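A.B. asks: Just structure-v5.txt, nothing more (compact mmCIF, C-alpha atoms and all ligand atoms):
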# COMPACT_ATOMS: atom_id res chain seq x y z
CA MET A 19 21.71 -83.19 -2.54
CA ARG A 20 18.34 -84.13 -3.97
CA GLU A 21 16.68 -81.46 -1.83
CA LYS A 22 19.02 -78.85 -3.22
CA TYR A 23 18.16 -79.92 -6.78
CA LEU A 24 14.43 -79.68 -6.07
CA PHE A 25 14.88 -76.25 -4.56
CA GLN A 26 16.73 -74.99 -7.65
CA ARG A 27 13.99 -76.34 -9.95
CA GLU A 28 11.25 -74.66 -7.92
CA PHE A 29 13.19 -71.46 -7.90
CA LYS A 30 13.42 -71.52 -11.75
CA TYR A 31 9.66 -72.07 -11.97
CA CYS A 32 9.01 -69.15 -9.65
CA LEU A 33 11.31 -66.92 -11.68
CA PHE A 34 9.50 -67.92 -14.88
CA ILE A 35 6.08 -67.20 -13.38
CA VAL A 36 7.20 -63.80 -12.05
CA PHE A 37 8.60 -62.95 -15.51
CA ILE A 38 5.30 -63.88 -17.22
CA ALA A 39 3.32 -61.87 -14.63
CA ILE A 40 5.47 -58.74 -15.20
CA PHE A 41 5.12 -59.16 -18.99
CA LEU A 42 1.30 -59.41 -18.74
CA LEU A 43 1.18 -56.39 -16.42
CA ILE A 44 3.20 -54.25 -18.88
CA VAL A 45 1.10 -55.39 -21.85
CA SER A 46 -2.16 -54.67 -19.99
CA GLN A 47 -0.98 -51.17 -19.03
CA ASP A 48 0.32 -50.14 -22.42
CA PRO A 49 -1.62 -46.95 -23.25
CA ALA A 50 -3.34 -47.11 -26.54
CA SER A 51 -2.64 -44.15 -28.81
CA PRO A 52 -5.52 -41.70 -29.31
CA GLU A 53 -5.77 -42.80 -32.92
CA THR A 54 -6.44 -46.42 -32.05
CA ASN A 55 -8.52 -45.82 -28.89
CA PRO A 56 -9.78 -42.20 -28.79
CA ALA A 57 -11.12 -40.78 -25.53
CA SER A 58 -14.86 -40.74 -25.50
CA PRO A 59 -16.60 -37.38 -26.02
CA ASP A 60 -17.91 -37.58 -22.44
CA GLU A 61 -14.36 -37.94 -21.13
CA LEU A 62 -13.12 -35.04 -23.24
CA ASN A 63 -16.10 -32.96 -22.12
CA ARG A 64 -15.24 -33.69 -18.50
CA SER A 65 -11.56 -32.72 -19.01
CA GLY A 66 -12.71 -29.49 -20.66
CA TYR A 67 -14.99 -28.76 -17.74
CA LEU A 68 -12.14 -29.33 -15.26
CA LEU A 69 -9.85 -26.96 -17.18
CA PHE A 70 -12.62 -24.36 -17.26
CA LYS A 71 -13.05 -24.73 -13.49
CA GLN A 72 -9.31 -24.24 -12.97
CA GLY A 73 -9.63 -21.07 -15.05
CA GLU A 74 -12.44 -19.81 -12.80
CA GLN A 75 -10.33 -20.48 -9.71
CA ALA A 76 -7.31 -18.67 -11.19
CA TYR A 77 -9.55 -15.74 -12.13
CA TYR A 78 -10.88 -15.61 -8.57
CA ARG A 79 -7.29 -15.50 -7.28
CA ARG A 80 -6.68 -12.61 -9.74
CA ASN A 81 -4.12 -14.70 -11.65
CA PHE A 82 -5.61 -13.58 -14.95
CA GLU A 83 -2.77 -14.85 -17.13
CA ALA A 84 -3.21 -18.41 -15.85
CA ALA A 85 -7.01 -18.06 -16.08
CA ALA A 86 -6.82 -17.09 -19.79
CA SER A 87 -4.53 -20.07 -20.44
CA TYR A 88 -6.93 -22.55 -18.74
CA TYR A 89 -9.91 -21.13 -20.65
CA ARG A 90 -7.98 -21.48 -23.93
CA GLN A 91 -7.08 -25.13 -23.18
CA ALA A 92 -10.74 -25.81 -22.32
CA ALA A 93 -11.85 -24.20 -25.60
CA ASP A 94 -9.33 -26.33 -27.55
CA LEU A 95 -10.71 -29.49 -25.93
CA PHE A 96 -14.33 -28.58 -26.72
CA ASN A 97 -13.25 -27.82 -30.28
CA SER A 98 -11.56 -31.21 -30.57
CA ILE A 99 -14.78 -32.98 -29.48
CA HIS A 100 -16.59 -31.21 -32.27
CA LYS A 101 -13.99 -32.31 -34.83
CA ARG A 102 -13.69 -35.96 -33.69
CA HIS A 103 -17.32 -36.58 -32.87
CA PRO A 104 -19.36 -34.24 -35.09
CA GLY A 105 -22.59 -35.84 -33.94
CA TRP A 106 -22.03 -35.21 -30.24
CA SER A 107 -24.33 -32.53 -28.77
CA ALA A 108 -23.35 -29.68 -31.12
CA ASP A 109 -25.55 -27.11 -29.34
CA ALA A 110 -24.05 -27.83 -25.93
CA LEU A 111 -20.52 -27.58 -27.39
CA GLU A 112 -21.32 -24.27 -29.06
CA ASP A 113 -22.55 -22.94 -25.69
CA ARG A 114 -19.38 -24.08 -23.94
CA LEU A 115 -17.17 -22.51 -26.60
CA LYS A 116 -19.09 -19.24 -26.39
CA ILE A 117 -18.58 -19.04 -22.62
CA CYS A 118 -14.89 -19.91 -23.00
CA ARG A 119 -14.41 -17.15 -25.58
CA GLN A 120 -16.12 -14.63 -23.27
CA ARG A 121 -13.98 -15.69 -20.34
CA ILE A 122 -10.75 -15.50 -22.39
CA GLU A 123 -11.67 -11.95 -23.38
CA GLU A 124 -12.48 -10.97 -19.77
CA ALA A 125 -9.28 -12.50 -18.39
CA GLU A 126 -7.15 -10.80 -21.07
CA ARG A 127 -8.80 -7.43 -20.38
CA ALA A 128 -8.36 -7.84 -16.61
CA ARG A 129 -4.70 -8.78 -17.13
CA ALA A 130 -4.12 -5.68 -19.30
CA GLU A 131 -5.70 -3.48 -16.60
CA GLN A 132 -3.69 -5.25 -13.93
CA LYS A 133 -0.46 -4.65 -15.87
CA ALA A 134 -1.31 -0.95 -16.29
CA GLY A 135 -2.09 -0.78 -12.54
CA GLU A 136 1.25 -2.35 -11.71
CA ARG A 137 2.98 0.50 -13.52
CA LEU A 138 1.13 3.24 -11.63
CA LEU A 139 2.74 5.53 -9.11
CA ARG A 140 0.27 6.18 -6.29
CA VAL A 141 0.68 9.36 -4.29
CA HIS A 142 -1.75 9.81 -1.40
CA PHE A 143 -2.06 13.19 0.30
CA ILE A 144 -3.75 11.75 3.36
CA ASP A 145 -6.33 13.82 5.22
CA VAL A 146 -4.93 14.00 8.75
CA GLY A 147 -6.56 17.31 9.68
CA GLN A 148 -4.07 20.10 10.40
CA GLY A 149 -0.81 18.37 9.53
CA ASP A 150 1.04 16.62 6.74
CA CYS A 151 1.10 13.02 5.63
CA GLU A 152 1.93 11.69 2.18
CA LEU A 153 2.15 8.06 1.15
CA ILE A 154 3.99 7.18 -2.06
CA GLN A 155 3.56 3.68 -3.49
CA CYS A 156 6.03 3.01 -6.30
CA PRO A 157 5.29 0.67 -9.22
CA ASN A 158 8.10 -1.64 -8.05
CA GLY A 159 6.29 -2.15 -4.73
CA LYS A 160 8.47 0.15 -2.61
CA THR A 161 6.73 2.43 -0.13
CA ILE A 162 7.69 5.92 1.01
CA LEU A 163 5.90 7.75 3.81
CA ILE A 164 6.45 11.45 4.34
CA ASP A 165 5.35 12.66 7.81
CA GLY A 166 2.48 11.24 9.86
CA GLY A 167 0.23 14.07 11.08
CA LYS A 168 -0.38 14.83 14.75
CA ILE A 169 -0.15 12.13 17.37
CA TRP A 170 -3.91 11.55 17.70
CA CYS A 171 -4.13 10.78 13.96
CA TYR A 172 -2.56 7.39 14.42
CA PRO A 173 -5.69 5.18 14.80
CA PHE A 174 -6.98 6.52 11.49
CA LEU A 175 -3.57 6.50 9.84
CA VAL A 176 -2.78 2.91 10.80
CA GLU A 177 -6.13 1.85 9.34
CA TYR A 178 -5.57 3.87 6.16
CA LEU A 179 -2.09 2.45 5.57
CA ARG A 180 -3.32 -1.11 6.13
CA GLN A 181 -6.17 -0.62 3.68
CA ALA A 182 -3.73 0.81 1.14
CA GLY A 183 -1.83 -2.49 1.41
CA VAL A 184 1.21 -1.12 3.25
CA LYS A 185 3.13 -3.87 5.04
CA LYS A 186 6.53 -2.23 5.27
CA ILE A 187 7.84 1.34 4.85
CA ASP A 188 11.03 1.40 2.82
CA LEU A 189 11.73 5.08 3.37
CA LEU A 190 10.18 7.14 6.15
CA ILE A 191 10.80 10.84 5.81
CA VAL A 192 10.32 13.18 8.75
CA SER A 193 10.30 16.57 7.03
CA HIS A 194 11.08 18.52 10.21
CA PRO A 195 10.62 18.15 13.98
CA HIS A 196 7.15 19.63 14.44
CA GLY A 197 4.30 17.70 16.06
CA ASP A 198 1.91 18.01 13.10
CA HIS A 199 4.49 16.12 11.01
CA TYR A 200 6.12 13.50 13.24
CA GLY A 201 3.34 13.04 15.88
CA GLY A 202 1.50 10.06 14.34
CA LEU A 203 4.83 8.41 13.49
CA ILE A 204 5.48 7.52 17.15
CA LYS A 205 2.92 4.74 16.73
CA ILE A 206 3.53 4.05 13.03
CA LEU A 207 7.17 3.22 13.87
CA LYS A 208 5.99 0.61 16.40
CA ILE A 209 3.54 -1.06 14.01
CA PHE A 210 5.14 -0.99 10.53
CA PRO A 211 8.69 -2.19 9.85
CA VAL A 212 10.73 0.77 8.59
CA VAL A 213 13.90 0.20 6.56
CA THR A 214 15.37 3.71 6.36
CA LEU A 215 14.55 6.87 8.27
CA LEU A 216 15.41 10.10 6.49
CA VAL A 217 15.58 13.23 8.65
CA SER A 218 16.69 16.83 8.32
CA GLY A 219 18.98 16.65 11.35
CA LYS A 220 17.13 19.43 13.17
CA GLU A 221 16.04 18.47 16.69
CA ASP A 222 13.36 19.66 19.07
CA THR A 223 13.07 19.64 22.85
CA THR A 224 9.35 18.99 23.40
CA GLU A 225 8.15 16.03 25.45
CA HIS A 226 6.48 14.42 22.44
CA TYR A 227 9.60 14.79 20.33
CA GLN A 228 11.63 13.04 23.04
CA ARG A 229 9.11 10.17 22.99
CA TYR A 230 9.44 9.98 19.22
CA LEU A 231 13.26 9.88 19.58
CA GLU A 232 13.04 7.17 22.24
CA THR A 233 10.85 5.10 19.92
CA VAL A 234 13.30 5.56 17.06
CA LYS A 235 16.28 4.64 19.25
CA SER A 236 14.53 1.50 20.50
CA LEU A 237 14.23 0.18 16.93
CA LYS A 238 17.71 -1.12 16.29
CA SER A 239 17.16 -2.31 12.73
CA ILE A 240 16.41 1.13 11.22
CA LYS A 241 19.03 2.75 9.00
CA PHE A 242 19.44 6.50 9.60
CA LYS A 243 20.13 9.02 6.90
CA LEU A 244 20.42 12.76 6.85
CA ALA A 245 18.69 14.31 3.86
CA ARG A 246 21.21 16.46 2.07
CA VAL A 247 20.82 18.51 -1.08
CA GLY A 248 21.79 16.60 -4.23
CA ASP A 249 21.15 13.13 -2.77
CA VAL A 250 19.13 10.87 -5.05
CA TYR A 251 17.08 7.87 -3.94
CA SER A 252 15.89 5.38 -6.56
CA PHE A 253 12.88 3.09 -6.36
CA GLY A 254 12.86 1.40 -9.75
CA ASP A 255 11.75 4.03 -12.25
CA VAL A 256 10.85 6.48 -9.47
CA LYS A 257 13.61 8.91 -8.48
CA MET A 258 13.69 11.18 -5.46
CA LEU A 259 16.01 14.18 -5.49
CA ILE A 260 16.66 16.10 -2.27
CA VAL A 261 16.81 19.84 -3.00
CA HIS A 262 16.89 21.05 0.62
CA PRO A 263 18.41 21.27 3.26
CA SER A 264 22.20 21.43 3.03
CA SER A 265 24.43 20.44 5.96
CA ARG A 266 24.28 24.09 7.11
CA LEU A 267 20.88 23.97 8.80
CA LEU A 268 18.87 27.17 9.11
CA ASP A 269 17.65 28.35 12.52
CA SER A 270 13.92 27.79 12.15
CA PRO A 271 12.77 24.15 12.13
CA ASN A 272 10.32 24.97 9.31
CA ASN A 273 13.20 26.14 7.15
CA CYS A 274 15.04 22.87 7.75
CA SER A 275 12.14 21.02 6.10
CA ILE A 276 13.24 18.38 3.63
CA ILE A 277 12.22 19.45 0.13
CA ALA A 278 12.15 16.46 -2.20
CA LYS A 279 11.25 16.12 -5.86
CA VAL A 280 9.81 12.74 -6.80
CA SER A 281 9.87 12.03 -10.55
CA TYR A 282 8.25 9.27 -12.53
CA GLY A 283 8.50 9.49 -16.31
CA ARG A 284 7.34 12.92 -17.35
CA GLU A 285 5.47 13.63 -14.10
CA SER A 286 6.88 14.92 -10.83
CA PHE A 287 5.79 15.90 -7.34
CA LEU A 288 7.50 18.47 -5.12
CA PHE A 289 7.16 17.83 -1.38
CA THR A 290 7.99 20.85 0.74
CA GLY A 291 7.08 20.12 4.38
CA ASP A 292 6.71 23.50 6.10
CA ALA A 293 9.53 25.19 4.15
CA GLU A 294 9.21 28.96 4.23
CA GLU A 295 10.61 31.70 2.04
CA GLU A 296 14.20 31.37 3.31
CA ALA A 297 14.32 27.66 2.53
CA GLU A 298 12.63 28.25 -0.84
CA HIS A 299 15.33 30.81 -1.72
CA GLU A 300 18.10 28.42 -0.72
CA ALA A 301 16.54 25.64 -2.78
CA MET A 302 16.32 27.97 -5.81
CA SER A 303 19.91 29.20 -5.40
CA ARG A 304 21.38 25.73 -5.99
CA GLY A 305 20.36 25.50 -9.62
CA TYR A 306 18.37 22.25 -9.50
CA ASN A 307 15.42 21.89 -11.82
CA LEU A 308 12.48 22.44 -9.45
CA LYS A 309 9.83 22.32 -12.18
CA SER A 310 7.17 19.85 -11.05
CA THR A 311 3.75 18.75 -12.23
CA ILE A 312 2.25 18.79 -8.74
CA LEU A 313 3.28 20.96 -5.77
CA LYS A 314 2.53 20.12 -2.16
CA VAL A 315 1.98 23.68 -1.02
CA GLY A 316 4.44 24.62 1.73
CA HIS A 317 3.38 25.06 5.36
CA HIS A 318 -0.34 24.30 4.89
CA GLY A 319 -0.86 27.40 2.71
CA SER A 320 0.69 29.83 5.17
CA ARG A 321 1.70 33.25 3.80
CA THR A 322 5.28 32.54 4.96
CA SER A 323 5.68 30.11 2.06
CA THR A 324 5.06 29.72 -1.69
CA ASN A 325 6.71 33.02 -2.60
CA PRO A 326 6.04 34.13 -6.21
CA GLY A 327 9.62 33.46 -7.37
CA PHE A 328 9.55 29.91 -6.01
CA LEU A 329 6.13 29.25 -7.50
CA ALA A 330 7.37 30.48 -10.89
CA ARG A 331 10.36 28.12 -10.70
CA VAL A 332 8.26 25.10 -9.73
CA SER A 333 5.56 26.11 -12.20
CA PRO A 334 3.13 23.32 -11.19
CA ARG A 335 -0.09 22.49 -13.03
CA GLU A 336 -1.76 21.33 -9.83
CA ALA A 337 -1.27 21.99 -6.13
CA VAL A 338 -2.34 20.15 -2.98
CA ILE A 339 -2.81 21.91 0.34
CA CYS A 340 -2.69 19.65 3.40
CA VAL A 341 -4.74 21.52 5.94
CA GLY A 342 -7.31 20.99 8.70
CA LYS A 343 -10.84 22.36 8.55
CA ASP A 344 -11.39 25.59 10.57
CA ASN A 345 -7.82 25.48 11.81
CA TYR A 346 -6.57 27.93 14.39
CA TYR A 347 -3.99 29.50 12.02
CA GLY A 348 -6.42 30.48 9.25
CA HIS A 349 -4.60 28.24 6.74
CA PRO A 350 -4.67 28.39 3.79
CA LYS A 351 -4.28 32.13 3.46
CA PRO A 352 -6.47 33.79 0.79
CA GLU A 353 -3.45 35.49 -0.81
CA ILE A 354 -1.77 32.11 -1.36
CA LEU A 355 -4.94 30.75 -2.94
CA ARG A 356 -5.09 33.85 -5.19
CA ARG A 357 -1.41 33.42 -6.09
CA LEU A 358 -2.01 29.83 -7.15
CA LYS A 359 -5.22 30.63 -9.03
CA SER A 360 -3.66 33.57 -10.89
CA ARG A 361 -1.22 31.09 -12.46
CA GLY A 362 -4.11 28.83 -13.46
CA ILE A 363 -3.05 26.12 -10.99
CA LYS A 364 -5.71 23.58 -10.05
CA ILE A 365 -5.99 23.37 -6.26
CA TYR A 366 -6.94 20.38 -4.10
CA ARG A 367 -7.37 20.75 -0.35
CA THR A 368 -7.54 17.96 2.21
CA ASP A 369 -9.95 20.00 4.39
CA GLN A 370 -12.47 20.08 1.52
CA ASP A 371 -11.61 17.06 -0.64
CA GLY A 372 -10.44 14.70 2.10
CA THR A 373 -7.55 12.47 1.00
CA VAL A 374 -6.28 13.31 -2.49
CA LEU A 375 -4.90 10.32 -4.39
CA TYR A 376 -2.87 10.70 -7.58
CA LEU A 377 -2.49 7.73 -9.92
CA SER A 378 0.26 8.50 -12.41
CA ASN A 379 1.47 6.36 -15.29
CA GLY A 380 4.44 8.67 -15.84
CA ILE A 381 2.77 10.50 -18.72
CA THR A 382 -0.55 11.54 -17.30
CA HIS A 383 -2.52 11.04 -14.10
CA GLN A 384 -5.93 10.83 -12.61
CA VAL A 385 -7.04 12.07 -9.22
CA GLU A 386 -9.27 10.15 -6.83
CA PHE A 387 -10.78 11.09 -3.49
CA PRO A 388 -10.83 8.02 -1.23
CA GLY A 389 -12.62 9.94 1.54
CA LYS A 390 -12.13 11.98 4.66
CA ALA A 391 -10.40 10.83 7.82
CA VAL A 392 -12.74 8.44 9.63
CA TYR A 393 -11.58 7.25 13.01
CA PRO A 394 -12.55 3.71 13.93
CA GLU A 395 -14.66 3.39 17.10
CA TYR A 396 -14.22 0.46 19.47
CA ASN A 397 -16.60 -1.06 21.98
CA ILE A 398 -16.08 -0.34 25.66
CA PRO A 399 -16.51 -3.47 27.80
CA LYS A 400 -19.58 -3.29 30.06
CA GLU A 401 -17.58 -3.30 33.28
CA ARG A 402 -15.50 -0.35 32.05
CA ARG A 403 -18.39 1.89 31.00
CA GLY A 404 -18.58 5.17 32.94
CA LYS A 405 -14.83 5.20 33.53
CA ILE A 406 -12.32 7.70 32.23
CA ILE A 407 -10.46 6.43 29.17
CA ALA A 408 -6.89 7.49 28.58
CA ASN A 409 -4.63 6.80 25.62
CA ARG A 410 -1.14 5.65 26.55
CA GLU A 411 0.23 6.75 23.16
CA THR A 412 -1.11 10.32 23.15
CA LEU A 413 -1.13 10.74 26.97
CA ILE A 414 -4.60 12.30 26.69
CA TYR A 415 -7.66 11.29 28.72
CA TYR A 416 -11.34 11.56 27.84
CA LEU A 417 -14.39 11.94 30.04
CA PRO A 418 -16.72 8.91 29.99
CA ARG A 419 -19.24 10.28 27.51
CA SER A 420 -16.71 11.61 24.98
CA LYS A 421 -16.94 9.87 21.60
CA TYR A 422 -13.17 10.27 21.30
CA GLY A 423 -12.74 7.81 24.15
CA ARG A 424 -14.26 5.12 21.92
CA GLN A 425 -11.64 5.91 19.28
CA VAL A 426 -8.75 4.87 21.51
CA PRO A 427 -7.61 1.46 20.20
CA PRO A 428 -8.17 -1.24 22.86
CA GLU A 429 -4.45 -2.04 23.14
CA ASP A 430 -3.67 1.61 23.99
CA ARG A 431 -6.43 2.16 26.56
CA VAL A 432 -5.92 2.88 30.25
CA PHE A 433 -8.95 3.28 32.54
CA PHE A 434 -9.25 5.58 35.55
CA ASP A 435 -12.05 6.13 38.07
CA THR A 436 -11.49 9.86 38.38
CA ALA A 437 -9.94 12.69 36.39
CA SER A 438 -7.52 13.45 39.19
CA ALA A 439 -6.26 9.86 39.12
CA ALA A 440 -5.64 10.20 35.36
CA GLU A 441 -3.83 13.49 35.90
CA ALA A 442 -1.76 12.07 38.73
CA ALA A 443 -0.66 9.36 36.27
CA GLY A 444 0.55 12.03 33.82
CA TYR A 445 -2.43 12.23 31.43
CA ARG A 446 -3.90 15.51 30.22
CA ARG A 447 -7.56 16.16 29.53
CA TYR A 448 -8.70 16.41 25.93
CA TRP A 449 -9.49 20.07 25.45
CA PHE A 450 -12.20 20.02 22.78
ZN ZN A 501 3.15 21.84 9.68
Translate this structure into structure tokens?
C.D. replies:
Amino acid sequence: MREKYLFQREFKYCLFIVFIAIFLLIVSQDPASPETNPASPDELNRSGYLLFKQGEQAYYRRNFEAAASYYRQAADLFNSIHKRHPGWSADALEDRLKICRQRIEEAERARAEQKAGERLLRVHFIDVGQGDCELIQCPNGKTILIDGGKIWCYPFLVEYLRQAGVKKIDLLIVSHPHGDHYGGLIKILKIFPVVTLLVSGKEDTTEHYQRYLETVKSLKSIKFKLARVGDVYSFGDVKMLIVHPSSRLLDSPNNCSIIAKVSYGRESFLFTGDAEEEAEHEAMSRGYNLKSTILKVGHHGSRTSTNPGFLARVSPREAVICVGKDNYYGHPKPEILRRLKSRGIKIYRTDQDGTVLYLSNGITHQVEFPGKAVYPEYNIPKERRGKIIANRETLIYYLPRSKYGRQVPPEDRVFFDTASAAEAAGYRRYWF
């Protein structure tokens, strides 16, 4: 009984001591208000410096809005030191404030430029030699790729698309089934995820085309669509209107080319593939407004395309000819160049200008020339030097000293000791 009493008394003491300890802890941690215990100027200076540093980091990460906000908070802190402690290192504070003001201005300017850039439509007429390839990057981040040049373009094309920031292709358009348009896509389809594939519906029987079809069929996640006149595809503010073909396909693959008008604000681009006169007439007969700011000249400037009536209806201010230097066909034909010039149309050519890049804000545009096609070259391991290099994508082989052998990406290389061994395996010799 007595023990129980003692225990209760000790317990009360303990409770009392714990209560006092908690009370003292709370009192000791009570933050004094700035009025009664202001932070020292050194502390404020340090906080300002930390905010400034956070601004620098945000600027480096190109988050200019956050950077401007950090710089402003830092400036406010430095200002407050000046007000509360007028005697504290006025010169140093003035220096800090000056730098902050400069940085705020820089970050605001960079943000304004960034915002303008985000609203730009980027249209690349990519130099792929004799062939077509156009990349369209919409302001909302969606990506359209029209054609992919010949099959041996792919090492360059993959590199170009990666450098342009392409991670996924939302709409891949194969204008028509000719090798200078779908060739490079055999590899592109294996590397970049493609959401929708838009085709004319015309088929071809060549070996390469069958390989392209096999690749397409092996990719189960792709959505297929037939391009049909009147269809409209929207990518935010960018609209794409299909003006050719209809479901009644013409006999020639060229004349089945998808003709698409891409509009952004007041500017528009007309993509024509290799459409010839017959397709141009059909497109005109349907009454759609073909008028466009920029025309991708049909069929690499061949005289089979860009008939005067069509050109008058499109009435472009500028024209781009996708064509290879010294090509076998003599494209572009002088009469087509004269026809364009006589209408005062400014001409860009991928054989002379390399890739032609349009940056449009929907009202006006500027043109840049990011360069000509440059194929990456890869090292050949020592033990493989002197061997024949074949490319399993293009099914072409190169003799040991050919520089083109070094352009075969390592993952696509196959080595042979002799030319006949390469040929027995189904490879053909590069003919240049
Ligand atoms: Zn072509």
A.B. asks: Taking only C-alpha atoms and all ligand atoms into account, name the residue in A:Val426, A:Ile117, A:Ile169, A:Val341 that is nearest to ligand ZN 501 (chain A).
C.D. replies: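 Smallest distance to ligand ZN 501 (chain A) is found for A:Val341.
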A.B. asks: One decimal, in Å: what's the spacing between atom CA of Lys160 of chain A and atom CA of Gly316 of chain A?
C.D. replies: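 Straight-line distance from atom CA of Lys160 of chain A to atom CA of Gly316 of chain A works out to 25.2 Å.
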A.B. asks: Between A:Arg127, A:Arg121, A:Arg79, A:His349, single out the one closest to ligand ZN 501 (chain A), counting only C-alpha atoms and all ligand atoms.
C.D. replies: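 So, comparing all the options, the nearest one is A:His349.
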A.B. asks: Which residues are near ligand ZN 501 (chain A) in this structure, taking near to mean any atom at most 9 Å from a ligand atom and counting only C-alpha atoms and all ligand atoms? Format them as an MDAnalysis selection string.
C.D. replies: chainID A and resid 148:150 167 194 196:199 272 291:292 316:318 340:341
A.B. asks: With all atoms listed in the file as the atoms that count, which of A:Lys421, A:Arg304, A:Arg129, A:Arg114 lies nearest to Ile99 of chain A?
C.D. replies: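 Selected residue with least distance to Ile99 of chain A: A:Arg114.
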A.B. asks: Give as a ChimeraX atom specification each residue that has an atom at most 9 Å from (-3.1, 12.9, 4.3) in the file, counting only C-alpha atoms.
C.D. replies: /A:142-147,149-153,166-167,175,340-341,368,372-374,391
A.B. asks: Go through A:Asp188, A:Glu441, A:Glu232, A:Glu112 and flag the residue nearest Ile414 of chain A, using all atoms listed in the file for the distances.
C.D. replies: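 Between A:Asp188, A:Glu441, A:Glu232, A:Glu112, the residue approaching Ile414 of chain A most closely is A:Glu441.
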A.B. asks: Gln228 of chain A: which residues within 12 Å, counting all atoms listed in the file, same-chain residues fewer than 5 positions away excluded, as a PyMOL selection string?
C.D. replies: chain A and resi 195-197+200-201+204+221-223+233-235
A.B. asks: Give the answer as one residue: which of A:Pro326, A:Pro104, A:Pro271, A:Gly283 has the shortest atom-to-atom distance to Ser310 of chain A, using only C-alpha atoms?
C.D. replies: A:Gly283
A.B. asks: Measuring between all atoms listed in the file, which one of A:Ser420, A:Ser265, A:Gln91, A:Thr224 shows the shortest distance to Arg447 of chain A?
C.D. replies: A:Ser420
A.B. asks: Leaving out Gly444 of chain A and any residue of its chain fewer than 6 positions from it, which residues lie within 10 Å of it when counting all atoms listed in the file, given as a ChimeraX atom specification?
C.D. replies: /A:410,413-415,438
A.B. asks: Can you write out the residues you just picked, keeping C-alpha atoms, as a compact mmCIF listing (two decimals), keeping the file's coordinate frame?
C.D. replies:
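Result file selection39.txt:
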# COMPACT_ATOMS: atom_id res chain seq x y z
CA ARG A 410 -1.14 5.65 26.55
CA LEU A 413 -1.13 10.74 26.97
CA ILE A 414 -4.60 12.30 26.69
CA TYR A 415 -7.66 11.29 28.72
CA SER A 438 -7.52 13.45 39.19
A.B. asks: Residues proximal to (-9.6, 9.6, -2.6) were defined as those with any atom within 6 Å of that point in the file's coordinates, counting only C-alpha atoms. Which are they, as an mmCIF file with C-alpha atoms, in the coordinates of the input?
C.D. replies:
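The resulting file, result-v5.cif, is reproduced below:
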data_model
loop_
_atom_site.group_PDB
_atom_site.id
_atom_site.type_symbol
_atom_site.label_atom_id
_atom_site.label_comp_id
_atom_site.auth_asym_id
_atom_site.auth_seq_id
_atom_site.Cartn_x
_atom_site.Cartn_y
_atom_site.Cartn_z
ATOM 1 C CA THR A 373 -7.550 12.470 1.000
ATOM 2 C CA VAL A 374 -6.280 13.310 -2.490
ATOM 3 C CA LEU A 375 -4.900 10.320 -4.390
ATOM 4 C CA GLU A 386 -9.270 10.150 -6.830
ATOM 5 C CA PHE A 387 -10.780 11.090 -3.490
ATOM 6 C CA PRO A 388 -10.830 8.020 -1.230
ATOM 7 C CA GLY A 389 -12.620 9.940 1.540
#
A.B. asks: Just give me the gap between atom CA of Ala443 of chain A and atom CA of Ala408 of chain A in Å, one decimal is fine.
C.D. replies: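 Atom CA of Ala408 of chain A lies 10.1 Å from atom CA of Ala443 of chain A.
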A.B. asks: Write out as a PyMOL selection string the residues lying within 12 Å of Ser303 of chain A, counting only C-alpha atoms and excluding same-chain residues fewer than 2 positions away.
C.D. replies: chain A and resi 247+261-264+296-301+305-308+327-328+331
A.B. asks: Any idea what's packed within 12 Å of Lys405 of chain A, counting all atoms listed in the file, ignoring anything in its chain fewer than 2 positions away? Could you give it as a PyMOL selection string?
C.D. replies: chain A and resi 398-403+407-408+415-420+423-424+431-437+439-440
A.B. asks: For the atom pair atom CA of Ser252 of chain A and atom CA of Leu189 of chain A, what is the interatomic distance in Å to one decimal place?
C.D. replies: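 Computing it gives 10.8 Å between the two atoms.
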